[in-house]
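The next block is run_17.pdb, given as PDB, C-alpha atoms.
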```pdb
ATOM      1  CA  MET G  59       0.000   0.000   0.000
ATOM      2  CA  ALA G  60       2.911   2.355   0.682
ATOM      3  CA  LYS G  61       4.085   1.996  -2.936
ATOM      4  CA  VAL G  62       0.683   3.039  -4.241
ATOM      5  CA  LYS G  63       0.673   6.162  -2.093
ATOM      6  CA  VAL G  64       4.136   7.091  -3.338
ATOM      7  CA  MET G  65       3.122   6.521  -6.975
ATOM      8  CA  LEU G  66      -0.007   8.623  -6.600
ATOM      9  CA  LYS G  67       1.687  11.448  -4.743
ATOM     10  CA  GLY G  68       0.735  14.717  -6.364
ATOM     11  CA  ARG G  69      -2.160  13.174  -8.295
ATOM     12  CA  LYS G  70      -5.789  13.778  -7.508
ATOM     13  CA  PRO G  71      -8.097  10.854  -6.778
ATOM     14  CA  ARG G  72      -9.714   9.405  -9.892
ATOM     15  CA  SER G  73     -13.172  10.846  -9.175
ATOM     16  CA  SER G  74     -11.940  14.431  -8.952
ATOM     17  CA  ARG G  75      -9.668  14.080 -12.000
ATOM     18  CA  GLN G  76     -12.632  13.591 -14.309
ATOM     19  CA  THR G  77     -13.563  16.678 -16.245
ATOM     20  CA  GLN G  78     -16.341  18.739 -14.786
ATOM     21  CA  GLN G  79     -19.203  20.135 -16.805
ATOM     22  CA  LEU G  80     -18.079  23.498 -18.105
ATOM     23  CA  PRO G  81     -20.264  26.252 -19.583
ATOM     24  CA  PHE G  82     -21.787  25.335 -22.955
ATOM     25  CA  ALA G  83     -19.732  27.572 -25.225
ATOM     26  CA  MET G  84     -16.371  27.835 -23.536
ATOM     27  CA  PRO G  85     -14.238  30.178 -25.649
ATOM     28  CA  ILE G  86     -10.930  28.914 -26.962
ATOM     29  CA  PRO G  87      -8.113  30.955 -25.415
ATOM     30  CA  ASP G  88      -6.010  33.048 -27.791
ATOM     31  CA  LYS G  89      -2.854  30.912 -27.828
ATOM     32  CA  LEU G  90      -0.693  29.377 -30.521
ATOM     33  CA  TYR G  91      -0.411  25.903 -29.004
ATOM     34  CA  PHE G  92      -2.384  23.837 -26.496
ATOM     35  CA  ARG G  93      -1.283  20.744 -24.623
ATOM     36  CA  ILE G  94      -3.476  17.655 -24.584
ATOM     37  CA  GLY G  95      -4.680  18.377 -21.044
ATOM     38  CA  GLU G  96      -5.863  21.843 -22.028
ATOM     39  CA  VAL G  97      -7.669  20.503 -25.086
ATOM     40  CA  SER G  98      -9.318  17.754 -23.061
ATOM     41  CA  GLU G  99     -10.625  20.384 -20.622
ATOM     42  CA  LEU G 100     -11.934  22.566 -23.448
ATOM     43  CA  ALA G 101     -13.633  19.595 -25.112
ATOM     44  CA  GLN G 102     -14.719  18.044 -21.795
ATOM     45  CA  THR G 103     -13.216  14.685 -22.765
ATOM     46  CA  GLN G 104     -10.402  12.537 -21.452
ATOM     47  CA  PRO G 105      -6.934  12.706 -23.054
ATOM     48  CA  TYR G 106      -7.138   9.052 -24.131
ATOM     49  CA  VAL G 107     -10.220   9.942 -26.212
ATOM     50  CA  LEU G 108      -8.237  12.633 -28.026
ATOM     51  CA  ARG G 109      -5.396  10.188 -28.698
ATOM     52  CA  TYR G 110      -7.921   7.694 -30.092
ATOM     53  CA  TRP G 111      -9.491  10.347 -32.317
ATOM     54  CA  GLU G 112      -6.025  11.113 -33.697
ATOM     55  CA  THR G 113      -5.840   7.537 -34.971
ATOM     56  CA  GLU G 114      -9.344   7.646 -36.472
ATOM     57  CA  PHE G 115      -9.422  11.106 -38.065
ATOM     58  CA  PRO G 116      -6.593  11.821 -40.523
ATOM     59  CA  SER G 117      -7.284  15.554 -40.397
ATOM     60  CA  LEU G 118      -6.510  15.667 -36.660
ATOM     61  CA  LYS G 119      -2.718  15.684 -36.522
ATOM     62  CA  PRO G 120      -1.252  17.714 -33.669
ATOM     63  CA  THR G 121       2.438  18.464 -33.916
ATOM     64  CA  LYS G 122       4.809  17.074 -31.337
ATOM     65  CA  SER G 123       7.377  19.005 -29.367
ATOM     66  CA  PRO G 124      10.990  17.791 -29.271
ATOM     67  CA  SER G 125      10.159  16.107 -25.953
ATOM     68  CA  GLY G 126       7.227  14.245 -27.559
ATOM     69  CA  HIS G 127       4.332  16.231 -26.095
ATOM     70  CA  ARG G 128       1.341  16.780 -28.365
ATOM     71  CA  LEU G 129       0.866  20.416 -29.321
ATOM     72  CA  TYR G 130      -2.548  21.278 -30.718
ATOM     73  CA  ARG G 131      -3.052  24.419 -32.801
ATOM     74  CA  ARG G 132      -6.284  26.404 -32.684
ATOM     75  CA  GLN G 133      -7.380  24.650 -35.896
ATOM     76  CA  ASP G 134      -6.841  21.278 -34.182
ATOM     77  CA  VAL G 135      -8.878  22.377 -31.148
ATOM     78  CA  GLU G 136     -11.716  23.492 -33.420
ATOM     79  CA  MET G 137     -11.519  20.117 -35.183
ATOM     80  CA  VAL G 138     -11.746  18.302 -31.829
ATOM     81  CA  LEU G 139     -14.821  20.325 -30.876
ATOM     82  CA  GLU G 140     -16.426  19.577 -34.237
ATOM     83  CA  ILE G 141     -15.680  15.849 -33.903
ATOM     84  CA  LYS G 142     -17.202  15.852 -30.442
ATOM     85  CA  ARG G 143     -20.308  17.651 -31.710
ATOM     86  CA  LEU G 144     -20.744  15.176 -34.559
ATOM     87  CA  LEU G 145     -20.264  12.119 -32.350
ATOM     88  CA  TYR G 146     -22.107  13.118 -29.191
ATOM     89  CA  GLU G 147     -24.732  15.641 -30.297
ATOM     90  CA  GLU G 148     -25.475  14.637 -33.894
ATOM     91  CA  GLY G 149     -25.142  10.880 -33.265
ATOM     92  CA  PHE G 150     -22.645  10.141 -36.036
ATOM     93  CA  THR G 151     -20.538   6.997 -35.930
ATOM     94  CA  ILE G 152     -16.756   7.367 -36.114
ATOM     95  CA  GLU G 153     -16.832   6.327 -39.769
ATOM     96  CA  GLY G 154     -19.742   8.638 -40.543
ATOM     97  CA  ALA G 155     -18.056  11.596 -38.860
ATOM     98  CA  ARG G 156     -14.830  10.860 -40.749
ATOM     99  CA  LYS G 157     -16.696  10.834 -44.078
ATOM    100  CA  TYR G 158     -18.611  13.980 -43.161
ATOM    101  CA  LEU G 159     -15.428  15.850 -42.280
ATOM    102  CA  ALA G 160     -13.693  14.608 -45.431
ATOM    103  CA  GLY G 161     -16.570  15.974 -47.525
ATOM    104  CA  ASN G 162     -16.647  19.401 -45.863
ATOM    105  CA  SER G 163     -14.191  22.034 -46.962
ATOM    106  CA  ASN G 164     -14.789  23.933 -43.694
ATOM    107  CA  PRO G 165     -15.303  21.246 -41.025
ATOM    108  CA  THR G 166     -15.864  23.704 -38.175
ATOM    109  CA  ALA G 167     -18.879  25.281 -39.860
ATOM    110  CA  GLU G 168     -22.266  24.342 -38.491
ATOM    111  CA  ALA G 169     -23.985  21.617 -40.461
ATOM    112  CA  LYS G 170     -27.109  22.814 -42.215
ATOM    113  CA  PRO G 171     -30.072  20.424 -42.132
ATOM    114  CA  LYS G 172     -30.864  19.083 -45.585
ATOM    115  CA  ALA G 173     -34.518  20.092 -45.252
ATOM    116  CA  SER G 174     -33.597  23.770 -45.209
ATOM    117  CA  ALA G 175     -30.960  23.479 -47.933
ATOM    118  CA  GLY G 176     -33.180  25.116 -50.533
ATOM    119  CA  PRO G 177     -36.652  26.379 -51.204
ATOM    120  CA  GLY G 178     -38.945  23.423 -50.640
ATOM    121  CA  PRO G 179     -42.687  23.020 -50.886
ATOM    122  CA  ASP G 180     -44.594  25.180 -48.460
ATOM    123  CA  HIS G 181     -47.407  24.024 -46.199
ATOM    124  CA  ALA G 182     -50.172  24.914 -48.675
ATOM    125  CA  GLN G 183     -48.512  22.907 -51.460
ATOM    126  CA  ILE G 184     -48.160  19.886 -49.198
ATOM    127  CA  LYS G 185     -51.852  20.060 -48.237
ATOM    128  CA  ALA G 186     -52.864  20.327 -51.909
ATOM    129  CA  ILE G 187     -50.743  17.299 -52.822
ATOM    130  CA  LYS G 188     -52.199  15.368 -49.891
ATOM    131  CA  ARG G 189     -55.797  16.144 -50.983
ATOM    132  CA  GLU G 190     -54.976  15.089 -54.538
ATOM    133  CA  LEU G 191     -53.458  11.802 -53.369
ATOM    134  CA  GLU G 192     -56.451  11.109 -51.124
ATOM    135  CA  GLY G 193     -58.737  11.673 -54.130
ATOM    136  CA  ILE G 194     -56.701   9.234 -56.217
ATOM    137  CA  LEU G 195     -56.822   6.710 -53.389
ATOM    138  CA  THR G 196     -60.613   7.033 -53.184
ATOM    139  CA  ILE G 197     -60.972   6.469 -56.935
ATOM    140  CA  VAL G 198     -58.661   3.440 -56.891
ATOM    141  CA  SER G 199     -60.339   1.884 -53.869
ATOM    142  CA  ARG G 200     -63.797   2.163 -55.558
ATOM    143  CA  ARG G 201     -62.590   0.234 -58.600
ATOM    144  CA  CYS G 202     -61.248  -2.670 -56.566
TER     145      CYS G 202
END
```
Rewrite the structure from the file as structure tokens, please.
Amino acid sequence: MAKVKVMLKGRKPRSSRQTQQLPFAMPIPDKLYFRIGEVSELAQTQPYVLRYWETEFPSLKPTKSPSGHRLYRRQDVEMVLEIKRLLYEEGFTIEGARKYLAGNSNPTAEAKPKASAGPGPDHAQIKAIKRELEGILTIVSRRC
């Protein structure tokens, strides 16, 4: 037991090390580089999740310092936040999020729902089509 206490000296207990819920839109500080711990706090994820995402998303490639520490640029932090949004809020799979990000030229832009992508039929047109289809259904059902 003494060895464990020595190994954990200076570390917080596991329950208090977990990231706490931060305000919804936490601004990204104006810095050139972020360490993995800072990015994990901003994204409210664990560092191992970020390391896993690096293996799954080719566009997420933080540079490494001469000592081997990961250094994330602002663009990388924005990518992490977008990946998190796609996975946790939008319900994408890893593969789906990867394809989505590969297809977007600006991956940090908000995704527009496809229903509002262009001028679609309005409510009156939909009602008119529905009435017409119901009339056709009535005619067909009488013949059968």
Report as number ranges by chain the full result of the PyMOL selection byres ((chain G and resi 141-152) around 10) when it is applied to this structure.
G: 101-103, 108, 111, 114-115, 118, 135-140, 153-159, 165-166, 168-169
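Evaluated against the shown file, the PyMOL selection byres ((chain G and resi 90) around 12) gives Ile86, Pro87, Asp88, Lys89, Tyr91, Phe92, Arg93, Thr121, Leu129, Tyr130, Arg131, Arg132, Gln133, Asp134 and Val135 of chain G.
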Exercise on stretch 129-143 of chain G, axis-aligned box with 6 Å per side, report centre and edge lengths in Å to one decimal, as JSON:
```
{"center_x": -9.7, "center_y": 21.1, "center_z": -32.6, "size_x": 33.2, "size_y": 22.6, "size_z": 18.6}
```
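Between atom CA of G:His127 and atom CA of G:Pro85 there is a distance of 23.2 Å.
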Work out how far apart atom CA of G:Asp180 and atom CA of G:Asn162 are and give it in Å to one decimal.
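Between atom CA of G:Asp180 and atom CA of G:Asn162 the gap is 28.7 Å.
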Determine the nearest neighbour of G:Gly95 from the options G:Arg128, G:Gly161, G:Pro116, G:Leu195, counting all atoms listed in the file.
G:Arg128
For atom CA of G:Ser123 and atom CA of G:Ala160, determine how far apart the two atoms are, in Å to one decimal place.
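Interatomic distance, atom CA of G:Ser123 to atom CA of G:Ala160: 26.9 Å.
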Missing atoms in stretch 122-158 of chain G: can you complete it with N, CA and C atoms, as a CSV table (one decimal), in the frame of the given file?
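As written to disk, part.csv reads:
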```csv
chain,number,residue,atom,x,y,z
G,122,LYS,N,4.2,17.5,-32.6
G,122,LYS,CA,4.8,17.1,-31.3
G,122,LYS,C,6.0,17.9,-31.1
G,123,SER,N,6.2,18.2,-29.8
G,123,SER,CA,7.4,19.0,-29.4
G,123,SER,C,8.6,18.1,-29.4
G,124,PRO,N,9.8,18.6,-29.3
G,124,PRO,CA,11.0,17.8,-29.3
G,124,PRO,C,11.0,16.8,-28.1
G,125,SER,N,10.2,17.1,-27.1
G,125,SER,CA,10.2,16.1,-26.0
G,125,SER,C,9.0,15.1,-26.2
G,126,GLY,N,8.3,15.2,-27.2
G,126,GLY,CA,7.2,14.2,-27.6
G,126,GLY,C,5.8,14.6,-27.1
G,127,HIS,N,5.7,15.8,-26.5
G,127,HIS,CA,4.3,16.2,-26.1
G,127,HIS,C,3.5,16.7,-27.3
G,128,ARG,N,2.2,16.4,-27.3
G,128,ARG,CA,1.3,16.8,-28.4
G,128,ARG,C,1.0,18.3,-28.2
G,129,LEU,N,1.2,19.0,-29.3
G,129,LEU,CA,0.9,20.4,-29.3
G,129,LEU,C,-0.2,20.7,-30.4
G,130,TYR,N,-1.4,21.0,-29.9
G,130,TYR,CA,-2.5,21.3,-30.7
G,130,TYR,C,-2.6,22.8,-31.1
G,131,ARG,N,-2.8,23.0,-32.4
G,131,ARG,CA,-3.1,24.4,-32.8
G,131,ARG,C,-4.5,24.7,-32.6
G,132,ARG,N,-4.9,26.0,-32.8
G,132,ARG,CA,-6.3,26.4,-32.7
G,132,ARG,C,-7.2,25.6,-33.7
G,133,GLN,N,-6.7,25.4,-34.9
G,133,GLN,CA,-7.4,24.6,-35.9
G,133,GLN,C,-7.6,23.2,-35.4
G,134,ASP,N,-6.7,22.6,-34.7
G,134,ASP,CA,-6.8,21.3,-34.2
G,134,ASP,C,-7.9,21.3,-33.1
G,135,VAL,N,-7.9,22.3,-32.2
G,135,VAL,CA,-8.9,22.4,-31.1
G,135,VAL,C,-10.3,22.5,-31.7
G,136,GLU,N,-10.4,23.3,-32.8
G,136,GLU,CA,-11.7,23.5,-33.4
G,136,GLU,C,-12.2,22.2,-34.0
G,137,MET,N,-11.2,21.4,-34.6
G,137,MET,CA,-11.5,20.1,-35.2
G,137,MET,C,-12.0,19.2,-34.1
G,138,VAL,N,-11.3,19.2,-32.9
G,138,VAL,CA,-11.7,18.3,-31.8
G,138,VAL,C,-13.2,18.6,-31.4
G,139,LEU,N,-13.5,19.9,-31.3
G,139,LEU,CA,-14.8,20.3,-30.9
G,139,LEU,C,-15.9,19.9,-31.9
G,140,GLU,N,-15.5,20.0,-33.2
G,140,GLU,CA,-16.4,19.6,-34.2
G,140,GLU,C,-16.6,18.1,-34.2
G,141,ILE,N,-15.6,17.3,-34.0
G,141,ILE,CA,-15.7,15.8,-33.9
G,141,ILE,C,-16.6,15.5,-32.7
G,142,LYS,N,-16.4,16.1,-31.6
G,142,LYS,CA,-17.2,15.9,-30.4
G,142,LYS,C,-18.7,16.2,-30.7
G,143,ARG,N,-18.9,17.3,-31.4
G,143,ARG,CA,-20.3,17.7,-31.7
G,143,ARG,C,-20.9,16.6,-32.6
G,144,LEU,N,-20.2,16.2,-33.6
G,144,LEU,CA,-20.7,15.2,-34.6
G,144,LEU,C,-21.0,13.9,-33.9
G,145,LEU,N,-20.1,13.4,-33.0
G,145,LEU,CA,-20.3,12.1,-32.4
G,145,LEU,C,-21.3,12.1,-31.2
G,146,TYR,N,-21.3,13.1,-30.4
G,146,TYR,CA,-22.1,13.1,-29.2
G,146,TYR,C,-23.4,13.8,-29.4
G,147,GLU,N,-23.5,14.9,-30.1
G,147,GLU,CA,-24.7,15.6,-30.3
G,147,GLU,C,-25.5,15.2,-31.5
G,148,GLU,N,-24.8,15.0,-32.6
G,148,GLU,CA,-25.5,14.6,-33.9
G,148,GLU,C,-25.7,13.1,-34.0
G,149,GLY,N,-25.0,12.3,-33.2
G,149,GLY,CA,-25.1,10.9,-33.3
G,149,GLY,C,-24.4,10.2,-34.4
G,150,PHE,N,-23.4,10.8,-35.0
G,150,PHE,CA,-22.6,10.1,-36.0
G,150,PHE,C,-21.8,9.0,-35.5
G,151,THR,N,-21.5,8.0,-36.3
G,151,THR,CA,-20.5,7.0,-35.9
G,151,THR,C,-19.2,7.6,-36.2
G,152,ILE,N,-18.1,6.9,-35.8
G,152,ILE,CA,-16.8,7.4,-36.1
G,152,ILE,C,-16.6,7.4,-37.6
G,153,GLU,N,-17.0,6.4,-38.3
G,153,GLU,CA,-16.8,6.3,-39.8
G,153,GLU,C,-17.7,7.4,-40.4
G,154,GLY,N,-18.9,7.6,-40.0
G,154,GLY,CA,-19.7,8.6,-40.5
G,154,GLY,C,-19.2,10.0,-40.3
G,155,ALA,N,-18.7,10.3,-39.1
G,155,ALA,CA,-18.1,11.6,-38.9
G,155,ALA,C,-16.8,11.8,-39.7
G,156,ARG,N,-16.0,10.8,-39.9
G,156,ARG,CA,-14.8,10.9,-40.7
G,156,ARG,C,-15.2,11.2,-42.2
G,157,LYS,N,-16.2,10.6,-42.7
G,157,LYS,CA,-16.7,10.8,-44.1
G,157,LYS,C,-17.3,12.2,-44.2
G,158,TYR,N,-18.0,12.6,-43.2
G,158,TYR,CA,-18.6,14.0,-43.2
G,158,TYR,C,-17.5,15.0,-43.2
```
